[in-house]
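Quick notes on the structure that follows.
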Amino acid sequence: MPRKPLLTVVSLTLCLAAVLVGAFLLRDRSYYLISGVILLLACLPFAALFRRRHGKVRELVIVSVMAALAVASRAAFYMLPTVKPLCAIAIITGLYLGEEVGCMVGVLSMFLSNFLFGQGAWTPYQIFGMGFAAFTAALILRSLRWQGKRIPCAVVGGVCCFLLYGLCADSCAVFAMAPDLTWKSVSAVILSGLPFNASHGAVTGIVIFFLCRPIGEKLERLCTKYQLFYAAETTVPQAEGEPV
Amino acid sequence: MRSAFAGSHPALNFLFFASVVAFGMLFFHPAMLGISFAAALSYSIRLRGRAMCKTLLCVLLPTLLFVVFLGAAFNHYGVTTLFTLSNGNRVTLEAIVHGFATGGMVLTVFLWFVCYNAVVTTDKFLHVFGRVFPTGALLVSMTLRFIPLLTRRMRKIFEAQRGIGYGGGRLRGGLHALSILITWSLENAVDVADSMKSRGYGSRGRTSYTRFFWTRRDVLLTLAVLALDALVIAGMAAGQTRAMYNPYISLPAMTAFSIVLYACYALLCFMPLALDCTEEIRWNRSR
Amino acid sequence: MEQIQIKDLHFSYPLGQGEALAGVDLTIRAGEYVALCGESGCGKTTLLRHLKTALMPNGKRGGSVRFCGALLDTLDARTQASRIGFVFQDPESAVVTDKVYHELAFGLESLGMPQGEMRLRVAEMASYFGIEPWFNMPTDELSGGQLQILNLASVMALHPDVLLLDEPTSQLDPVAAADFLATIDRIHRELGLTIILTEHRLEDVLPCADRVIVMHHGRVAADCTPREIGNSLTGELAFLRDSMPAAMRIWAGADGKGACPLTVCEGKQWLTRTVTAAEPVRRTLASAPAEEPAVRMREVFFTYDKNAPDVLRGLSMDVPRGAVFALLGGNGAGKSTAMKAAAGLLKPYRGRIELSGRDVRKIPQKELYHGLAGVLPQQVRALFTEKTVRLELESVDRGGAQAMADRLHLTALLDRHPYDISGGEQQRLALGKVLLTHPRILFLDEPTKGMDSAFKSQFGTLLRELTTEGVTVFMVSHDVEFCAANADRCAMLFDGMLAAEAPTVPFFSGNTFYTTAANRIARHVFPDAITDEDVIALCRANRC
């Protein structure tokens, strides 16, 4: 895929340009706008994932179903409003179907969740954070071949969610609210978001712990049955069984 | 609420909101802030009605106070000291005013997004971005179809599991239901894919059906927004929108140019509301 | 003109035993309306899917399929997508996008049609199928019948020459199903499309079809006009009898002479010619049970939302112990709601519900759903949690799993994944799970939806067996024929209240519209006959 690195380079260049424009042309205090623009640009490589034509319709549908599940999953815990397994489901998907797919699910579900529950200046931060967290967690766990191990998965997933997503999502508040980008005021804003991020990370870890095997089994069954994603690359195509 | 602006072309909606949100994040000048805030507030109340007032009191006011508090507590610049805290830090007028400006900016942007959420529906979003990202647009549309479907299935699963005696706890029950839903929906995905393939999905040269068309008014308004944007940017380049709060409050002198600039900015920000009002007056007259 | 030619088609699934298609030879001419029927697993769906390359199942294949003279495999996907339309069984999973208009345009978008032409076609479809009132709605707010019409319209927008339909009405209620089939008939008459439709409920299909193809064990067992089928029903096609229209069943059962009647109207005329009117035979009615009812509902009020109108408005009824009780009614009458309230799954805001004399609110959950009540939901997939059928049964009751598998004929499937077995088998598995909780009162929500007629009669027998063990069955159903044959008492729910409640025979013989086809055929001579067997027996006794 020669297009992807290109897009990453383009988006990085544009980010740099945005910083320079902010620094030299606008001069005033405009972190709010500049950071938003940078985040939007940083989402470009993600958008490229969705531009690519997908060979198999079934793979496309699975991405869509997993993203819908991630958004709808909060309905499973209607009695526990703090439990939002969106991040966990994106990470688990990435764990089994590849970090790129996990990133797609994270980005898509966060984007739609924003659409359904209201968008704001925070939207690009949250989308970037979710895609970044899902991608990184899946990349770490996959390269260490830790897919089946529940505790490492839960820990890495939880930490990625807490640090990467939490930081990205909070930086919106930092840029918007902090009177000046001094260490004190930034840490005050970050501290005020800490309890929420910590609980979000913990919940993500718990959900990954309980669901990574069940979801993994289901995804693997589907992939081997219909030769999708990794199964299409690793094994020789063989006759598949289709439900009557 | 029916809105004439919401009825115009999605590209115009996007251009407008991109402009006001970007300007809203840029300008610290009290006049510019005030214009944008007043426009955003009045248009959001028109679109959302009473529900808006509740949000205003419960969410926005506390946010504003929090930002002002942050500003006053952490910034100690400024020449006008109001009082001194027990730890020796000064609370200055400049810091408080700056805090109000920051808070006003956050609020204004929030309000513009409230309007954005009401005006730009998924259809419009998909129309604008469907051409650039056809696969992405389809994915969004499909996922939007699945979300309510899966939520409904989730309820059925809870009921069904209870009916055969599986209670579970709050967490265990939820995880159990989620696990069932995942199997159900993933197995279902194959049928969905078949339905797509059977209707030719995957052929080359996909187009997208749209319900939106450019009218003459949309074109004129788009040109007007672009012209106003250019004027505002020119004003900004000329330093007319600068505002300084440190160490003392200083604003650029009022000139004829700055008055023109404010007028242009007001014209831009109040455009949707003005459009709605003229349409309503015409409608009432035609009866 | 020969539009579809199938030559010596063989096919076997990788995991299945034997051939699903064992040498099929068929020629279908343009403009024919073909009903493809047979028992579950006879290969009719497999055959239908072989008529479109994109949907062909994977497996071993031999023979050829030609479309308008060309081999099907040589036609590109684009041509096939537009010329061969396919409507799926489950309307819910066939709808892909979130808005009705987008769904209508989906196929056109895929083929890259220019905007102007797309608008025209979408407009045509919306007006032909009467979609305008819900054109801008989200697809999620449509009923099953509307979804299926939308699927059909979305396929028709591509202007196909051939329309393939795979049991399109099996998930719909009878009214929506009849509407859908009437639309298909209209398409056939007005546009001259070739239609190939598989179905196991043929009541409304056969009168419209030009040709019936019967599949049996992967072969074509019969290929003739609907009327000719009637002549073979006593002979080699006896297995098909239960899925035929009531008039044909009665005609064949009573050894009718002359042309076989297809519709209720024809059946009525035939019956008038053949039999003399009999004295009404009042069957002895089961006297109202004196003992305490299994379910007692008194002035129950329920609503899903505080500001929405009531779904149940003072519903009162008794379900006698050890009986099969059927609650019937139209769409949205509140049948399922009434059942869920009775089972304690929904809490009414007023009124009293007793199960075996105990207030349902005061029975602890543990006791209520372990040995007292068991609920089979409408969508049985909501019950499946495990990887195999065996684990599925064992997850409820380890000890009883094997015996239950034997009883429900699931033994051969024990190691299969619950999603790899057929719809009827899934229904049995779900029932097994519910029965393993040993309920004294069994609640069933539309249990016969999607079942074929062969399994329906087995299922009826099973319910009978359960009642002899003292289990009470409370069933909610649209299936008038099944209730007439298997229920002891029936009730009709309308507008949140009971409109009628009586033992089965007087219940159906008292209704004029809401009754079985057999009763409608015979009521002018045998008012009390409600099932085929009743009519056939009376025919034999009163032949002129």
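By convention here, the chains of the structure tokens are called A, B, ... in the order presented, each chain's residues are numbered starting at 1, and ligands are numbered starting at 1 in the order presented.
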
Which residues are near Thr80 in chain B? Cut-off 10 Å, only C-alpha atoms, ignore same chain within fewer than 4 positions. Put them as a ChimeraX atom specification. /B:90-95,247-249

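Those residues that approach Ile536 in chain C to within 8 Å, counting only C-alpha atoms, are C:Ile250, C:Gly253, C:Ala254; same-chain residues fewer than 6 positions away are not listed.
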
Considering only C-alpha atoms, can you say which of B:Gly24, B:Gly239, B:Gly167, B:Gly173 comes closest to chain C?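 Comparing B:Gly24, B:Gly239, B:Gly167, B:Gly173 against chain C, the winner is B:Gly167.
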
Could you work out which residues of chain B fall inside 9 Å of chain C? Count only C-alpha atoms, and format the result as a PyMOL selection string. chain B and resi 123+138-146+148-149+153-154+156-167+176-177+179-181+183-184+187-189+191-211

Identify every residue of chain A that has at least one atom within 8 Å of any atom of chain B, counting only C-alpha atoms, and report the result as JSON, numbers by chain. {"A": [28, 29, 30, 32, 33, 47, 50, 51, 52, 53, 57, 58, 60, 61, 62, 64, 65, 67, 68, 69, 71, 72, 73, 75, 76, 77, 79, 80, 108, 112, 115, 118, 119, 120, 121, 176, 177, 178, 179, 180, 184, 185, 207, 210, 211, 214, 215, 218, 219, 222]}

List every residue of range 122-180 of chain A that DSSP, applied to the backbone of this structure, places in helix (DSSP H, G or I), and write the result as an mmCIF file with C-alpha atoms, in the first residue's frame.
data_model
loop_
_atom_site.group_PDB
_atom_site.id
_atom_site.type_symbol
_atom_site.label_atom_id
_atom_site.label_comp_id
_atom_site.auth_asym_id
_atom_site.auth_seq_id
_atom_site.Cartn_x
_atom_site.Cartn_y
_atom_site.Cartn_z
ATOM 1 C CA THR A 123 -14.788 15.666 18.179
ATOM 2 C CA PRO A 124 -11.448 15.550 16.324
ATOM 3 C CA TYR A 125 -9.573 15.034 19.606
ATOM 4 C CA GLN A 126 -11.760 12.106 20.614
ATOM 5 C CA ILE A 127 -11.679 10.493 17.179
ATOM 6 C CA PHE A 128 -7.926 10.798 16.952
ATOM 7 C CA GLY A 129 -7.506 9.545 20.508
ATOM 8 C CA MET A 130 -9.679 6.500 19.956
ATOM 9 C CA GLY A 131 -8.028 5.547 16.682
ATOM 10 C CA PHE A 132 -4.595 6.101 18.195
ATOM 11 C CA ALA A 133 -5.344 4.086 21.362
ATOM 12 C CA ALA A 134 -6.888 1.158 19.471
ATOM 13 C CA PHE A 135 -4.066 1.105 16.948
ATOM 14 C CA THR A 136 -1.283 1.276 19.520
ATOM 15 C CA ALA A 137 -2.777 -1.264 21.922
ATOM 16 C CA ALA A 138 -3.399 -3.737 19.123
ATOM 17 C CA LEU A 139 0.045 -3.148 17.630
ATOM 18 C CA ILE A 140 1.809 -3.744 20.959
ATOM 19 C CA LEU A 141 -0.180 -6.854 21.796
ATOM 20 C CA ARG A 142 0.039 -8.324 18.326
ATOM 21 C CA SER A 143 3.746 -7.801 17.950
ATOM 22 C CA ARG A 150 -6.265 -12.057 29.101
ATOM 23 C CA ILE A 151 -4.388 -10.192 31.791
ATOM 24 C CA PRO A 152 -1.700 -8.590 29.582
ATOM 25 C CA CYS A 153 -4.396 -7.673 27.074
ATOM 26 C CA ALA A 154 -6.483 -6.056 29.766
ATOM 27 C CA VAL A 155 -3.522 -4.167 31.217
ATOM 28 C CA VAL A 156 -2.126 -2.902 27.911
ATOM 29 C CA GLY A 157 -5.612 -2.036 26.655
ATOM 30 C CA GLY A 158 -6.537 -0.246 29.842
ATOM 31 C CA VAL A 159 -3.294 1.712 29.951
ATOM 32 C CA CYS A 160 -3.540 2.703 26.281
ATOM 33 C CA CYS A 161 -7.091 3.833 26.827
ATOM 34 C CA PHE A 162 -6.168 5.773 29.947
ATOM 35 C CA LEU A 163 -3.016 7.410 28.642
ATOM 36 C CA LEU A 164 -3.485 7.842 24.922
ATOM 37 C CA TYR A 165 -7.204 8.339 24.641
ATOM 38 C CA GLY A 166 -7.474 10.225 27.909
ATOM 39 C CA LEU A 167 -4.662 12.559 27.012
ATOM 40 C CA CYS A 168 -5.923 13.262 23.505
ATOM 41 C CA ALA A 169 -9.475 13.835 24.649
ATOM 42 C CA ASP A 170 -8.396 16.090 27.514
ATOM 43 C CA SER A 171 -6.064 18.166 25.421
ATOM 44 C CA CYS A 172 -9.167 19.731 23.895
ATOM 45 C CA ALA A 173 -10.166 21.044 27.298
ATOM 46 C CA VAL A 174 -6.575 22.157 27.911
ATOM 47 C CA PHE A 175 -6.443 24.193 24.730
ATOM 48 C CA ALA A 176 -9.889 25.620 25.281
ATOM 49 C CA MET A 177 -9.827 26.399 28.968
#

With only C-alpha atoms as the basis for distance, which of B:Gly34, B:Pro62, B:Gly235, B:Gly168 is at the shortest distance from Phe257 in chain B?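 Among the listed residues, B:Gly235 lies closest to Phe257 in chain B.
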
Per DSSP on the backbone, what are the strand (DSSP E) residues of range 376-540 of chain C, as a list in words?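 Of range 376-540 of chain C, only Leu376, Ile441, Leu442, Phe443, Leu444, Asp445, Thr472, Val473, Phe474, Met475, Val476, Arg489, Cys490, Ala491, Met492, Leu493, Phe494, Met497, Leu498, Ala499, Ala500, Glu501, Ala502 and Pro503 of chain C fall in strand (DSSP E).
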
Keeping only N, CA and C atoms, write those residues as an mmCIF file, in the first residue's frame.
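In the end it all went to selection_19.cif:
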data_model
loop_
_atom_site.group_PDB
_atom_site.id
_atom_site.type_symbol
_atom_site.label_atom_id
_atom_site.label_comp_id
_atom_site.auth_asym_id
_atom_site.auth_seq_id
_atom_site.Cartn_x
_atom_site.Cartn_y
_atom_site.Cartn_z
ATOM 1 N N LEU C 376 -40.190 -18.824 25.697
ATOM 2 C CA LEU C 376 -39.501 -18.977 24.412
ATOM 3 C C LEU C 376 -39.715 -17.689 23.626
ATOM 4 N N ILE C 441 -45.376 -23.682 33.532
ATOM 5 C CA ILE C 441 -46.129 -22.894 32.554
ATOM 6 C C ILE C 441 -45.154 -22.475 31.468
ATOM 7 N N LEU C 442 -45.457 -22.868 30.232
ATOM 8 C CA LEU C 442 -44.557 -22.576 29.125
ATOM 9 C C LEU C 442 -45.149 -21.444 28.300
ATOM 10 N N PHE C 443 -44.388 -20.360 28.166
ATOM 11 C CA PHE C 443 -44.852 -19.224 27.368
ATOM 12 C C PHE C 443 -44.149 -19.251 26.015
ATOM 13 N N LEU C 444 -44.917 -19.213 24.937
ATOM 14 C CA LEU C 444 -44.326 -19.290 23.597
ATOM 15 C C LEU C 444 -44.748 -18.070 22.795
ATOM 16 N N ASP C 445 -43.755 -17.368 22.229
ATOM 17 C CA ASP C 445 -44.058 -16.178 21.427
ATOM 18 C C ASP C 445 -43.869 -16.529 19.952
ATOM 19 N N THR C 472 -48.709 -26.275 31.446
ATOM 20 C CA THR C 472 -49.659 -25.381 30.789
ATOM 21 C C THR C 472 -48.926 -24.630 29.695
ATOM 22 N N VAL C 473 -49.533 -24.525 28.519
ATOM 23 C CA VAL C 473 -48.877 -23.810 27.424
ATOM 24 C C VAL C 473 -49.666 -22.546 27.111
ATOM 25 N N PHE C 474 -48.982 -21.407 27.166
ATOM 26 C CA PHE C 474 -49.584 -20.120 26.817
ATOM 27 C C PHE C 474 -48.853 -19.658 25.569
ATOM 28 N N MET C 475 -49.595 -19.618 24.463
ATOM 29 C CA MET C 475 -48.943 -19.379 23.181
ATOM 30 C C MET C 475 -49.531 -18.112 22.551
ATOM 31 N N VAL C 476 -48.643 -17.307 21.991
ATOM 32 C CA VAL C 476 -49.094 -16.139 21.245
ATOM 33 C C VAL C 476 -48.813 -16.438 19.783
ATOM 34 N N ARG C 489 -58.037 -23.845 24.096
ATOM 35 C CA ARG C 489 -58.837 -22.627 24.163
ATOM 36 C C ARG C 489 -58.125 -21.542 23.377
ATOM 37 N N CYS C 490 -58.901 -20.652 22.786
ATOM 38 C CA CYS C 490 -58.312 -19.554 22.053
ATOM 39 C C CYS C 490 -58.926 -18.247 22.524
ATOM 40 N N ALA C 491 -58.144 -17.188 22.422
ATOM 41 C CA ALA C 491 -58.674 -15.876 22.762
ATOM 42 C C ALA C 491 -58.161 -14.905 21.723
ATOM 43 N N MET C 492 -58.940 -13.873 21.489
ATOM 44 C CA MET C 492 -58.496 -12.861 20.543
ATOM 45 C C MET C 492 -58.317 -11.545 21.271
ATOM 46 N N LEU C 493 -57.129 -10.972 21.103
ATOM 47 C CA LEU C 493 -56.823 -9.713 21.756
ATOM 48 C C LEU C 493 -56.994 -8.603 20.744
ATOM 49 N N PHE C 494 -57.700 -7.574 21.136
ATOM 50 C CA PHE C 494 -57.830 -6.438 20.241
ATOM 51 C C PHE C 494 -57.864 -5.166 21.062
ATOM 52 N N MET C 497 -57.544 -5.345 24.858
ATOM 53 C CA MET C 497 -58.517 -6.099 25.661
ATOM 54 C C MET C 497 -58.864 -7.387 24.936
ATOM 55 N N LEU C 498 -59.507 -8.311 25.636
ATOM 56 C CA LEU C 498 -59.963 -9.524 24.974
ATOM 57 C C LEU C 498 -61.230 -9.209 24.191
ATOM 58 N N ALA C 499 -61.245 -9.624 22.924
ATOM 59 C CA ALA C 499 -62.457 -9.432 22.123
ATOM 60 C C ALA C 499 -63.308 -10.688 22.184
ATOM 61 N N ALA C 500 -62.686 -11.837 22.319
ATOM 62 C CA ALA C 500 -63.433 -13.087 22.407
ATOM 63 C C ALA C 500 -62.552 -14.101 23.085
ATOM 64 N N GLU C 501 -63.173 -15.055 23.772
ATOM 65 C CA GLU C 501 -62.408 -16.098 24.443
ATOM 66 C C GLU C 501 -63.315 -17.308 24.546
ATOM 67 N N ALA C 502 -62.901 -18.460 24.044
ATOM 68 C CA ALA C 502 -63.762 -19.643 24.047
ATOM 69 C C ALA C 502 -62.921 -20.873 23.775
ATOM 70 N N PRO C 503 -63.475 -22.075 24.019
ATOM 71 C CA PRO C 503 -62.784 -23.282 23.555
ATOM 72 C C PRO C 503 -62.603 -23.207 22.042
#

Leaving out Thr468 in chain C and any residue of its chain fewer than 6 positions from it, which residues lie within 12 Å of it when counting only C-alpha atoms, given as a VMD selection string? chain C and resid 321 to 324 440 461 to 462

For CA of Leu150 in chain C and CA of Gln3 in chain C, the interatomic separation in Å (one decimal): 26.3 Å

Would you give me, as an MDAnalysis selection string, the residues of chain C that come within 9 Å of chain A, using only C-alpha atoms? chainID C and resid 13:16 41 43 45:46 57:60 419:422

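Put simply, CA of Asp452 in chain C is 20.1 Å away from CA of Thr411 in chain C.
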
Enter the distance from CA of Glu236 in chain C to CA of Leu262 in chain C, in Å, rounded to one decimal.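 Taking CA of Glu236 in chain C as the start and CA of Leu262 in chain C as the end point, the length is 19.3 Å.
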
Using only C-alpha atoms, which residues sit within 10 Å of Gly192 in chain C once same-chain residues fewer than 4 positions away are excluded, as number ranges by chain? C: 30-33, 161-162, 185-188

For Ala230 in chain B: contacts at 12 Å, only C-alpha atoms, fewer than 4 positions along chain excluded, given as a ChimeraX atom specification: /B:19,23,223-226,234-237,261,264-265,268

For those residues, write C-alpha atoms to a file as a PDB file, in the first residue's frame.
ATOM      1  CA  SER B  19     -16.141  29.925   9.270  1.00  0.00           C
ATOM      2  CA  PHE B  23     -13.375  32.719  13.861  1.00  0.00           C
ATOM      3  CA  LEU B 223     -20.519  33.780  -2.407  1.00  0.00           C
ATOM      4  CA  ALA B 224     -21.630  36.192   0.311  1.00  0.00           C
ATOM      5  CA  VAL B 225     -20.142  34.020   3.044  1.00  0.00           C
ATOM      6  CA  LEU B 226     -16.876  33.762   1.139  1.00  0.00           C
ATOM      7  CA  ALA B 234      -8.386  41.208   5.973  1.00  0.00           C
ATOM      8  CA  GLY B 235      -9.430  42.944   9.180  1.00  0.00           C
ATOM      9  CA  MET B 236      -7.574  40.347  11.198  1.00  0.00           C
ATOM     10  CA  ALA B 237      -4.440  40.824   9.085  1.00  0.00           C
ATOM     11  CA  LEU B 261     -15.283  44.897  10.136  1.00  0.00           C
ATOM     12  CA  CYS B 264     -19.305  42.332   8.298  1.00  0.00           C
ATOM     13  CA  TYR B 265     -18.722  39.903  11.116  1.00  0.00           C
ATOM     14  CA  LEU B 268     -21.856  36.707   8.739  1.00  0.00           C
TER      15      LEU B 268
END
